[in-house]
Amino acid sequence: MRCLIPLAVVAEGITAYVGVAALVDSQGLATGLSALTAFVGAGTACILANRRLNQLPVPAGARILEGVFVLVLSALRYASLRIVGVGLLTAGGAAGLALLISGLALAGIEEVVVETHTLAVFASALRVSCARWRQARAAARYQRIAARIAAVLAKVEHDFLNFLLRTQDFPLSEATPRAAALKAAMTKDEG
């Protein structure tokens with residue numbers, strides 16, 4: 001769903017370009033103003049979405065300003081089309097369509113951000129997921145190492161028991177506790 005955000009920003013920028021292209025002398029200035037307008041609109045939508053994500057009320061004044069932003073842009077689009085020589089009905093229809101596109105783009109950006117969380121939350125979730133995966137790998141590796149150590153200790157205990165029984169002629173009742181003591185000494189935590 002996040003791929004819809006750049007699409008909505010581009011749609012806002014294109015409709016903003018229509019609004020300022022005939023009002024300024026430079027095409028570069030028109031492009032810059034339309035890009036700035038698109039990013040301001042998207043930023044406003046993201047700020048409002050962030051308030052909703054943090055379960056804060058969205059002030060009515062912010063919604064009114066957002067509406068004024070869309071209406072002013074639509075009025076600029078209408079004026080720009082009239083300057084170019086487009087008929088009254090066509091300019092009004094195009095400005096109304098641009099108003100609809102702009103309003104839906106801003107509302108869409110806000111809803112996508114709310115539904116998919118903010119980028120920071122997404123990045124944090126990704127980091128947590130990677131950390132859990134690394135922890136699971138480390139725990140599995142630890143278990144394999146612990147199993148190998150237990151097997152080696154059991155073999156050392158068995159070999160030491162055999163050594164005591166065969167070469168030192170210890171009785172089984174005396175050799176068994178000594179072998180167990182050796183194993184316990186090898187596993188004793190020094191900390």
# chains A, B, ... in the order shown; residues from 1 in each chain; ligands from 1

$ residues_around --residues "Ala79 (chain A)" --least-positions-apart "2" --cutoff "12 Å" --atoms "only C-alpha atoms" --output "number ranges by chain"
A: 18-23, 72-77, 81-88, 90-92, 94-95

$ write_last_selection --atoms "C-alpha atoms" --output "PDB file, in the first residue's frame"
ATOM      1  CA  VAL A  18      -1.646  22.999 -13.844  1.00  0.00           C
ATOM      2  CA  GLY A  19      -2.517  25.636 -11.254  1.00  0.00           C
ATOM      3  CA  VAL A  20       0.759  27.573 -11.391  1.00  0.00           C
ATOM      4  CA  ALA A  21       2.036  27.015 -14.947  1.00  0.00           C
ATOM      5  CA  ALA A  22       0.202  29.975 -16.468  1.00  0.00           C
ATOM      6  CA  LEU A  23       0.651  32.227 -13.435  1.00  0.00           C
ATOM      7  CA  VAL A  72      -6.947  27.526  -2.993  1.00  0.00           C
ATOM      8  CA  LEU A  73      -5.130  25.134  -5.279  1.00  0.00           C
ATOM      9  CA  SER A  74      -8.354  24.489  -7.169  1.00  0.00           C
ATOM     10  CA  ALA A  75      -8.967  28.223  -7.518  1.00  0.00           C
ATOM     11  CA  LEU A  76      -5.413  28.623  -8.869  1.00  0.00           C
ATOM     12  CA  ARG A  77      -6.029  25.838 -11.335  1.00  0.00           C
ATOM     13  CA  LEU A  81      -6.858  27.549 -17.151  1.00  0.00           C
ATOM     14  CA  ARG A  82      -8.870  30.736 -17.743  1.00  0.00           C
ATOM     15  CA  ILE A  83      -5.644  32.686 -18.434  1.00  0.00           C
ATOM     16  CA  VAL A  84      -4.654  30.108 -21.039  1.00  0.00           C
ATOM     17  CA  GLY A  85      -7.985  30.682 -22.765  1.00  0.00           C
ATOM     18  CA  VAL A  86      -9.978  27.629 -21.748  1.00  0.00           C
ATOM     19  CA  GLY A  87     -13.739  28.126 -21.639  1.00  0.00           C
ATOM     20  CA  LEU A  88     -15.596  28.808 -18.393  1.00  0.00           C
ATOM     21  CA  THR A  90     -14.183  23.489 -19.155  1.00  0.00           C
ATOM     22  CA  ALA A  91     -12.000  25.394 -16.673  1.00  0.00           C
ATOM     23  CA  GLY A  92     -14.585  24.869 -13.921  1.00  0.00           C
ATOM     24  CA  ALA A  94     -11.072  20.723 -14.815  1.00  0.00           C
ATOM     25  CA  ALA A  95     -10.641  22.643 -11.553  1.00  0.00           C
TER      26      ALA A  95
END

$ residues_around --residues "Asn50 (chain A)" --least-positions-apart "2" --cutoff "9 Å" --atoms "only C-alpha atoms" --output "list in words"
Ala45, Cys46, Ile47, Leu48, Arg52, Leu53, Asn54, Gln55, Leu56, Glu110, Val113, Val114, His117 and Thr118 of chain A

$ write_last_selection --atoms "C-alpha atoms" --output "short mmCIF file (atom, residue, chain, number, x, y, z; two decimals), in the first residue's frame"
data_model
loop_
_atom_site.label_atom_id
_atom_site.label_comp_id
_atom_site.auth_asym_id
_atom_site.auth_seq_id
_atom_site.Cartn_x
_atom_site.Cartn_y
_atom_site.Cartn_z
CA ALA A 45 -1.47 14.45 5.52
CA CYS A 46 1.38 12.58 7.25
CA ILE A 47 1.28 14.93 10.25
CA LEU A 48 -2.45 14.37 10.64
CA ARG A 52 -4.19 9.69 14.66
CA LEU A 53 -1.59 6.95 15.17
CA ASN A 54 -0.65 8.48 18.52
CA GLN A 55 -4.36 8.55 19.39
CA LEU A 56 -4.38 12.33 19.60
CA GLU A 110 -3.27 9.90 5.39
CA VAL A 113 0.09 6.01 6.60
CA VAL A 114 -2.43 5.23 9.34
CA HIS A 117 2.05 2.84 10.37
CA THR A 118 4.71 5.43 10.00
#

$ residues_around --residues "Ile14 (chain A)" --least-positions-apart "3" --cutoff "9 Å" --atoms "only C-alpha atoms" --output "count of residues only"
10

$ residues_around --residues "Phe160 (chain A)" --least-positions-apart "3" --cutoff "10 Å" --atoms "only C-alpha atoms" --output "ChimeraX atom specification"
/A:154-157,163-166,175-176,178-180,182-183

$ select_by_dssp --residues "chain A" --states "helix (DSSP H, G or I)" --output "ChimeraX atom specification"
/A:4-20,27-53,60-84,88-116,119-166,172-187

$ atom_distance --atom1 "CA of Gly108 (chain A)" --atom2 "CA of Cys3 (chain A)"
11.5 Å

$ atom_distance --atom1 "CA of Thr187 (chain A)" --atom2 "CA of Glu174 (chain A)"
20.7 Å
